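Enquirer: So I've got this file, query00.txt, and it contains compact mmCIF, C-alpha atoms:
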# COMPACT_ATOMS: atom_id res chain seq x y z
CA MET T 1 6.12 1.35 16.49
CA LEU T 2 6.41 3.50 13.40
CA ARG T 3 3.21 4.35 11.56
CA SER T 4 3.63 3.76 7.85
CA ARG T 5 1.82 7.00 7.11
CA VAL T 6 4.85 9.13 7.91
CA LEU T 7 5.53 10.44 4.38
CA ALA T 8 2.72 8.04 3.55
CA VAL T 9 5.11 6.27 0.98
CA ALA T 10 6.70 1.89 -0.82
CA LEU T 11 8.34 -1.41 -0.79
CA THR T 12 11.96 -1.48 0.33
CA VAL T 13 13.99 -2.20 -2.77
CA ALA T 14 17.75 -1.74 -2.87
CA VAL T 15 18.08 -0.81 -6.54
CA GLY T 16 19.30 2.37 -8.18
CA VAL T 17 17.45 4.54 -10.67
CA ALA T 18 19.75 3.49 -13.49
CA ALA T 19 18.80 -0.15 -13.05
CA LEU T 20 15.12 0.75 -13.20
CA ALA T 21 15.55 2.53 -16.51
CA GLY T 22 16.44 -0.73 -18.21
CA SER T 23 15.30 -4.29 -17.70
CA ALA T 24 15.03 -5.55 -14.14
CA SER T 25 18.31 -7.15 -13.14
CA ALA T 26 19.46 -8.55 -9.83
CA ILE T 27 17.44 -6.73 -7.13
CA THR T 28 17.55 -7.25 -3.38
CA ASP T 29 14.72 -6.49 -0.98
CA GLY T 30 11.90 -6.72 -3.49
CA ASN T 31 11.18 -6.53 -7.21
CA VAL T 32 10.00 -3.97 -9.71
CA ASP T 33 6.35 -4.93 -10.25
CA GLY T 34 5.86 -3.86 -13.86
CA GLU T 35 2.37 -4.97 -14.88
CA ALA T 36 2.15 -7.88 -12.44
CA HIS T 37 -0.45 -6.07 -10.31
CA PRO T 38 -2.14 -3.40 -12.47
CA ASN T 39 -5.01 -3.03 -9.98
CA VAL T 40 -2.66 -1.62 -7.31
CA GLY T 41 -2.43 2.16 -7.41
CA MET T 42 -0.72 5.08 -5.71
CA LEU T 43 -2.85 7.45 -3.60
CA LEU T 44 -2.00 11.12 -3.15
CA PHE T 45 -3.95 13.33 -0.74
CA TYR T 46 -3.85 16.32 1.58
CA THR T 47 -4.49 16.53 5.31
CA ALA T 48 -3.98 19.42 7.73
CA GLU T 49 -0.40 18.14 8.10
CA GLY T 50 0.50 18.31 4.40
CA ARG T 51 0.47 16.11 1.30
CA PHE T 52 0.99 12.36 1.61
CA ARG T 53 1.05 9.26 -0.54
CA CYS T 54 -0.16 5.74 0.14
CA SER T 55 -1.06 2.64 -1.85
CA GLY T 56 -4.37 0.90 -2.47
CA THR T 57 -6.13 -1.75 -4.54
CA LEU T 58 -9.04 -1.54 -6.96
CA VAL T 59 -11.62 -4.05 -5.68
CA THR T 60 -14.59 -2.95 -7.80
CA PRO T 61 -14.60 -0.63 -10.83
CA THR T 62 -15.39 2.28 -8.47
CA VAL T 63 -13.72 1.35 -5.16
CA VAL T 64 -10.11 1.28 -3.97
CA VAL T 65 -9.47 -0.32 -0.58
CA THR T 66 -6.63 1.09 1.49
CA ALA T 67 -5.67 1.81 5.11
CA ALA T 68 -7.82 4.02 7.35
CA HIS T 69 -4.80 6.15 8.18
CA CYS T 70 -4.63 6.91 4.43
CA THR T 71 -8.21 8.23 4.41
CA ASP T 72 -8.74 9.69 7.89
CA GLY T 73 -8.60 13.48 7.86
CA THR T 74 -8.38 13.82 4.07
CA LEU T 75 -9.05 17.31 2.75
CA GLY T 76 -10.90 17.32 -0.56
CA LYS T 77 -10.44 14.50 -3.06
CA THR T 78 -7.86 11.73 -3.22
CA MET T 79 -5.84 11.31 -6.41
CA VAL T 80 -5.15 7.75 -7.59
CA SER T 81 -2.85 6.56 -10.37
CA PHE T 82 -2.41 2.97 -11.52
CA ASP T 83 0.67 3.77 -13.63
CA THR T 84 3.45 1.37 -12.72
CA THR T 85 6.06 4.15 -12.90
CA ILE T 86 5.21 7.57 -11.50
CA ALA T 87 8.65 9.22 -11.51
CA LEU T 88 12.22 7.95 -11.54
CA ALA T 89 13.61 11.22 -10.19
CA PRO T 90 12.31 14.62 -9.10
CA PRO T 91 10.36 16.58 -10.09
CA SER T 92 7.52 14.03 -10.05
CA GLY T 93 5.06 16.05 -12.11
CA LEU T 94 2.31 15.03 -9.70
CA PRO T 95 -0.55 17.54 -9.37
CA VAL T 96 -0.50 20.15 -6.63
CA ALA T 97 -3.65 21.55 -5.03
CA LYS T 98 -4.28 25.23 -5.68
CA ASP T 99 -5.21 25.59 -2.01
CA PRO T 100 -3.62 22.97 0.28
CA THR T 101 -6.11 23.82 3.04
CA VAL T 102 -8.89 22.60 0.75
CA GLY T 103 -7.01 19.75 -0.93
CA TYR T 104 -7.67 18.40 -4.38
CA VAL T 105 -10.91 19.44 -6.03
CA GLY T 106 -10.65 16.68 -8.63
CA LYS T 107 -9.71 18.75 -11.67
CA GLU T 108 -5.95 18.87 -11.19
CA ARG T 109 -3.82 17.06 -13.75
CA ALA T 110 -0.27 15.78 -13.64
CA SER T 111 2.25 17.64 -15.74
CA SER T 112 4.16 14.53 -16.80
CA GLY T 113 1.56 12.38 -18.55
CA ILE T 114 0.62 10.36 -15.48
CA THR T 115 -2.92 8.98 -15.70
CA THR T 116 -4.90 10.25 -12.71
CA TYR T 117 -8.31 9.60 -11.21
CA TYR T 118 -10.03 11.35 -8.30
CA GLY T 119 -12.32 9.94 -5.65
CA THR T 120 -13.76 10.54 -2.19
CA ALA T 121 -12.13 8.95 0.85
CA TYR T 122 -14.13 7.15 3.55
CA THR T 123 -12.76 5.80 6.83
CA SER T 124 -14.11 2.83 8.76
CA PRO T 125 -16.15 4.11 11.72
CA ASP T 126 -14.48 1.37 13.78
CA TYR T 127 -10.96 2.73 13.16
CA SER T 128 -9.27 3.17 16.55
CA ASP T 129 -6.33 5.28 15.29
CA PHE T 130 -3.87 2.70 16.66
CA THR T 131 -5.20 2.99 20.22
CA ASP T 132 -6.92 -0.39 20.59
CA THR T 133 -5.11 -3.50 19.38
CA ALA T 134 -8.28 -5.56 19.72
CA ASN T 135 -10.16 -3.16 17.45
CA TRP T 136 -7.47 -1.84 15.10
CA ASN T 137 -9.72 -1.65 12.00
CA ASP T 138 -7.20 0.25 9.89
CA TYR T 139 -9.12 0.12 6.61
CA GLY T 140 -10.77 2.71 4.42
CA VAL T 141 -11.82 3.21 0.80
CA VAL T 142 -11.62 5.74 -2.00
CA VAL T 143 -14.78 5.83 -4.15
CA PHE T 144 -14.65 7.15 -7.72
CA ASP T 145 -17.53 9.03 -9.31
CA LYS T 146 -17.09 6.98 -12.50
CA ALA T 147 -16.02 3.39 -13.03
CA ILE T 148 -12.40 2.69 -13.94
CA ARG T 149 -12.17 0.87 -17.25
CA GLY T 150 -9.48 -1.47 -18.48
CA ILE T 151 -8.30 -2.65 -15.05
CA THR T 152 -9.57 -5.91 -13.57
CA PRO T 153 -10.36 -5.46 -9.84
CA ALA T 154 -8.74 -7.70 -7.24
CA GLN T 155 -10.87 -10.26 -5.42
CA LEU T 156 -11.48 -9.81 -1.70
CA ALA T 157 -10.67 -12.96 0.31
CA PRO T 158 -13.54 -15.05 1.69
CA LEU T 159 -14.62 -14.35 5.25
CA GLY T 160 -12.14 -15.84 7.72
CA TYR T 161 -9.75 -16.92 4.97
CA LEU T 162 -6.62 -16.44 7.09
CA ASP T 163 -7.99 -18.51 9.97
CA GLN T 164 -6.94 -21.69 8.15
CA PHE T 165 -3.26 -20.87 8.69
CA THR T 166 -1.92 -22.62 11.78
CA PRO T 167 1.33 -21.16 13.19
CA GLU T 168 3.38 -23.82 11.42
CA ARG T 169 1.62 -23.29 8.09
CA LEU T 170 1.74 -19.51 8.45
CA ASN T 171 5.53 -19.51 8.90
CA SER T 172 5.96 -21.45 5.65
CA THR T 173 3.51 -19.33 3.62
CA LEU T 174 4.58 -16.39 1.48
CA PHE T 175 2.38 -13.32 1.07
CA THR T 176 2.86 -10.99 -1.90
CA LEU T 177 2.88 -7.33 -0.85
CA VAL T 178 2.63 -4.53 -3.40
CA GLY T 179 3.03 -0.78 -3.12
CA TYR T 180 4.68 2.53 -4.05
CA GLY T 181 7.10 4.81 -2.26
CA THR T 182 10.42 4.86 -0.51
CA GLU T 183 13.20 2.50 -1.37
CA VAL T 184 15.83 1.73 1.24
CA ARG T 185 19.43 1.97 0.04
CA THR T 186 22.77 3.39 1.06
CA ALA T 187 23.51 6.95 0.01
CA ASP T 188 25.93 7.76 -2.82
CA GLY T 189 28.17 9.48 -0.29
CA GLY T 190 28.51 10.03 3.43
CA PRO T 191 27.29 7.52 6.02
CA GLN T 192 26.50 4.16 4.44
CA THR T 193 23.52 3.41 6.67
CA PRO T 194 20.51 2.04 4.73
CA THR T 195 18.10 4.97 4.45
CA PRO T 196 14.61 5.43 2.91
CA PHE T 197 14.66 7.55 -0.26
CA SER T 198 11.50 9.02 -1.83
CA TYR T 199 12.57 8.34 -5.43
CA PRO T 200 12.04 6.52 -7.66
CA ILE T 201 8.25 6.38 -7.25
CA ILE T 202 7.45 3.05 -8.81
CA ARG T 203 5.25 0.05 -8.07
CA ARG T 204 7.14 -2.82 -6.45
CA ASN T 205 6.36 -6.17 -4.88
CA ALA T 206 7.94 -8.40 -2.26
CA GLU T 207 7.33 -11.90 -0.92
CA GLU T 208 7.10 -12.04 2.87
CA PRO T 209 6.74 -15.12 5.10
CA GLY T 210 3.97 -15.15 7.69
CA GLN T 211 5.05 -14.59 11.28
CA LYS T 212 1.98 -14.19 13.52
CA LEU T 213 -1.80 -13.99 13.17
CA THR T 214 -4.26 -12.26 15.51
CA PRO T 215 -8.01 -11.56 15.09
CA GLN T 216 -7.06 -8.14 13.60
CA ILE T 217 -3.49 -8.31 12.35
CA LEU T 218 -1.25 -10.48 10.17
CA GLN T 219 2.42 -9.95 10.90
CA VAL T 220 4.98 -10.88 8.25
CA ASN T 221 8.77 -10.80 8.15
CA GLY T 222 9.87 -7.93 5.93
CA ASN T 223 13.62 -8.41 6.28
CA GLY T 224 15.24 -9.02 2.90
CA ASN T 225 17.97 -11.04 4.63
CA ASP T 226 15.38 -13.72 5.44
CA ASN T 227 16.04 -16.29 2.72
CA ARG T 228 12.39 -17.35 2.73
CA GLY T 229 11.24 -14.03 1.23
CA THR T 230 12.44 -11.15 -0.93
CA GLY T 231 11.89 -7.99 1.11
CA GLY T 232 9.36 -5.89 2.95
CA THR T 233 7.25 -2.74 3.08
CA CYS T 234 8.22 0.83 3.91
CA PHE T 235 6.74 4.36 4.03
CA GLY T 236 4.05 4.72 1.37
CA ASP T 237 3.19 1.05 1.13
CA SER T 238 0.52 1.93 3.68
CA GLY T 239 -2.83 0.69 2.42
CA GLY T 240 -1.25 -1.54 -0.20
CA PRO T 241 -2.38 -5.15 -0.50
CA ALA T 242 -1.07 -8.51 0.58
CA PHE T 243 -2.15 -11.23 -1.83
CA GLN T 244 -2.39 -14.90 -1.00
CA GLY T 245 -4.13 -17.63 -2.99
CA GLY T 246 -5.23 -15.09 -5.58
CA TYR T 247 -7.08 -12.97 -2.99
CA ILE T 248 -6.35 -9.67 -1.28
CA VAL T 249 -6.23 -10.61 2.40
CA THR T 250 -4.83 -7.50 4.14
CA VAL T 251 -3.80 -3.87 3.75
CA THR T 252 -0.42 -2.64 5.00
CA SER T 253 -0.80 -0.89 8.35
CA TYR T 254 2.49 -0.34 10.19
CA GLY T 255 6.15 -1.16 10.63
CA TYR T 256 8.50 -1.20 13.62
CA THR T 257 11.73 0.38 12.40
CA SER T 258 12.83 3.48 10.51
CA ASN T 259 14.92 1.47 8.02
CA CYS T 260 12.01 -0.85 7.13
CA ARG T 261 13.90 -4.09 7.69
CA TYR T 262 11.84 -5.88 10.33
CA ILE T 263 8.26 -7.02 11.04
CA ASP T 264 5.42 -5.57 8.94
CA GLY T 265 1.92 -5.29 10.44
CA LEU T 266 -0.96 -5.88 8.05
CA GLN T 267 -4.62 -5.14 8.76
CA ARG T 268 -6.85 -8.12 7.99
CA ILE T 269 -9.80 -7.46 5.68
CA ASP T 270 -11.14 -11.02 5.82
CA ILE T 271 -12.76 -10.26 9.20
CA PRO T 272 -16.50 -9.68 9.74
CA ALA T 273 -16.26 -5.96 10.66
CA ALA T 274 -14.24 -5.15 7.54
CA GLN T 275 -16.34 -7.18 5.14
CA GLN T 276 -19.63 -5.88 6.51
CA TRP T 277 -18.45 -2.29 6.12
CA LEU T 278 -17.01 -2.87 2.65
CA ALA T 279 -20.29 -4.46 1.56
CA GLY T 280 -21.87 -1.03 1.96
CA PHE T 281 -19.68 0.11 -0.96
CA GLY T 282 -20.58 -2.89 -3.11
CA VAL T 283 -17.42 -4.86 -2.31
CA LYS T 284 -18.20 -8.56 -2.11
CA PRO T 285 -15.79 -11.26 -0.95
CA ALA T 286 -15.12 -14.44 -2.84
CA THR T 287 -17.08 -17.52 -1.81
CA ARG T 288 -15.33 -20.67 -0.74
Could you rewrite the structure in this file as structure tokens?

Expert:
Amino acid sequence: MLRSRVLAVALTVAVGVAALAGSASAITDGNVDGEAHPNVGMLLFYTAEGRFRCSGTLVTPTVVVTAAHCTDGTLGKTMVSFDTTIALAPPSGLPVAKDPTVGYVGKERASSGITTYYGTAYTSPDYSDFTDTANWNDYGVVVFDKAIRGITPAQLAPLGYLDQFTPERLNSTLFTLVGYGTEVRTADGGPQTPTPFSYPIIRRNAEEPGQKLTPQILQVNGNGNDNRGTGGTCFGDSGGPAFQGGYIVTVTSYGYTSNCRYIDGLQRIDIPAAQQWLAGFGVKPATR
């Protein structure tokens, strides 16, 4: 099992930079999101291991929900940007902490006009760090000091929302996953094995059919060759949302392969433990 936090980076999309510069044309393994999900942002943060990026969703004007492995061990503040395009090619222009051992202090600014916000990361106290499948609890939040204006927050799914999906119904249901980070494509030269590339850094989405549901996890099929869907998640989509029925139902937790073309594991946030903890930050689920 490969933890999505490695390079904590985005949806697998086989499309070159040149195609992104113009209008979206034929794209395999996902789609450029544009402004379809403006409440999904990119997270950038430091830990003792270095600087990482994840994804997350604004669920109140002051709270972004993400994965616990995108908040656990954070040094200093977490930077968040809701810009749909961060960088098409290096250098990204993203802010760098003056002292990586301290992390962001919340005053750093991007050098390329990217709109940035800073908040404090909190990790669910029930997070098992992938050691207990019955108590995975891979969810955390980033809390801003000031409310974000101009972006409508996503609505948290009602308690137990996913329980209505029988195996047959689950396999015929598509979930919309959104995130930033690595795209998987073949290199311009050398071995033509599909490989994750860090650029472009852009928000993307993919439709994934349900595969299996447990009390903690929703598994979906992230293989773009599955004609029921359009792609899957990869490094940096960690913490990003899965939407269904207009609600955010999960956050991206893990994948199984290094080329991001197989099953994606999503942490449910329609479960009692998650919703009780999120309520402490003012996050309320929808009512049925």

Enquirer: Skip stretch 211-220 of chain T itself and residues of its chain fewer than 5 positions away, then list as a PDB file with C-alpha atoms, in the frame of the given file all residues within 6 Å of it, counting all atoms listed in the file.

Expert:
ATOM      1  CA  ASN T 171       5.530 -19.510   8.900  1.00  0.00           C
ATOM      2  CA  ILE T 263       8.260  -7.020  11.040  1.00  0.00           C
ATOM      3  CA  ASP T 264       5.420  -5.570   8.940  1.00  0.00           C
ATOM      4  CA  GLY T 265       1.920  -5.290  10.440  1.00  0.00           C
ATOM      5  CA  LEU T 266      -0.960  -5.880   8.050  1.00  0.00           C
ATOM      6  CA  GLN T 267      -4.620  -5.140   8.760  1.00  0.00           C
ATOM      7  CA  ARG T 268      -6.850  -8.120   7.990  1.00  0.00           C
TER       8      ARG T 268
END

Enquirer: Please identify all polymer residues within 9 Å of T:Phe82, counting only C-alpha atoms, omitting same-chain residues fewer than 6 positions from it, and present them as a PyMOL selection string.

Expert: chain T and resi 38-42+114-117+151+203

Enquirer: With 6 Å added on each side, what axis-aligned box encloses every listed atom of stretch 264-271 of chain T? Give the centre and edge lengths in Å to one decimal, as lines of an AutoDock Vina configuration file.

Expert:
center_x = -3.7
center_y = -8.1
center_z = 8.1
size_x = 30.2
size_y = 17.9
size_z = 16.8

Enquirer: Enter the distance from atom CA of T:Val142 to atom CA of T:Ile269, in Å, rounded to one decimal.

Expert: 15.4 Å

Enquirer: Smallest atom-to-atom distance to T:Ser128: which of T:Ser172, T:His69, T:Lys146, T:Phe165, using all atoms listed in the file?

Expert: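 Using all atoms listed in the file, the shortest distance to T:Ser128 belongs to T:His69.
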
Enquirer: Between T:Val32, T:Cys234, T:Ile148, T:Ile271, which residue has the minimum interatomic distance to T:Thr84, considering all atoms listed in the file?

Expert: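 Using all atoms listed in the file, T:Thr84 sits closest to T:Val32.
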
Enquirer: Can you tell me how far atom CA of T:Tyr247 sits from atom CA of T:Thr123, in Å to one decimal?

Expert: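 Answer for the atom CA of T:Tyr247 to atom CA of T:Thr123 separation: 21.9 Å.
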
Enquirer: I'd like the interatomic distance between atom CA of T:Met79 and atom CA of T:Pro95, to a tenth of an Å.

Expert: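 Atom CA of T:Pro95 lies at a distance of 8.7 Å from atom CA of T:Met79.
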
Enquirer: Around the point (8.3, 6.2, -8.5) (coordinates from the file), which residues reach within 9 Å if we count only C-alpha atoms? Answer as a list in words.

Expert: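 The answer, in the requested form, is Ala10, Thr84, Thr85, Ile86, Ala87, Leu88, Ala89, Ser92, Tyr180, Gly181, Thr182, Ser198, Tyr199, Pro200, Ile201, Ile202 and Arg203 of chain T.
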
Enquirer: Write a file of the selected residues as a PDB file, in the coordinates of the input, keeping C-alpha atoms.

Expert:
ATOM      1  CA  ALA T  10       6.700   1.890  -0.820  1.00  0.00           C
ATOM      2  CA  THR T  84       3.450   1.370 -12.720  1.00  0.00           C
ATOM      3  CA  THR T  85       6.060   4.150 -12.900  1.00  0.00           C
ATOM      4  CA  ILE T  86       5.210   7.570 -11.500  1.00  0.00           C
ATOM      5  CA  ALA T  87       8.650   9.220 -11.510  1.00  0.00           C
ATOM      6  CA  LEU T  88      12.220   7.950 -11.540  1.00  0.00           C
ATOM      7  CA  ALA T  89      13.610  11.220 -10.190  1.00  0.00           C
ATOM      8  CA  SER T  92       7.520  14.030 -10.050  1.00  0.00           C
ATOM      9  CA  TYR T 180       4.680   2.530  -4.050  1.00  0.00           C
ATOM     10  CA  GLY T 181       7.100   4.810  -2.260  1.00  0.00           C
ATOM     11  CA  THR T 182      10.420   4.860  -0.510  1.00  0.00           C
ATOM     12  CA  SER T 198      11.500   9.020  -1.830  1.00  0.00           C
ATOM     13  CA  TYR T 199      12.570   8.340  -5.430  1.00  0.00           C
ATOM     14  CA  PRO T 200      12.040   6.520  -7.660  1.00  0.00           C
ATOM     15  CA  ILE T 201       8.250   6.380  -7.250  1.00  0.00           C
ATOM     16  CA  ILE T 202       7.450   3.050  -8.810  1.00  0.00           C
ATOM     17  CA  ARG T 203       5.250   0.050  -8.070  1.00  0.00           C
TER      18      ARG T 203
END

Enquirer: Which residue is closest to T:Val96? Choose from T:Thr57, T:Ala121, T:Val65, T:Gly50 and count only C-alpha atoms.

Expert: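 Comparing T:Thr57, T:Ala121, T:Val65, T:Gly50 against T:Val96, the winner is T:Gly50.
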
Enquirer: Go through T:Val64, T:Cys54, T:Ala279, T:Ala273 and flag the residue nearest T:Pro153, using all atoms listed in the file for the distances.

Expert: T:Val64

Enquirer: Let me make sure I understand: among T:Thr78, T:Asn221, T:Thr173, T:Thr252, which one has the smallest atom-to-atom distance to T:Lys107 if we use only C-alpha atoms?

Expert: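 Result for the nearest residue to T:Lys107: T:Thr78.
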
Enquirer: Which one of T:Pro209, T:Gly179, T:Gly246, T:Pro158 sits closest to T:Pro285 if you count only C-alpha atoms?

Expert: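 Selected residue with least distance to T:Pro285: T:Pro158.
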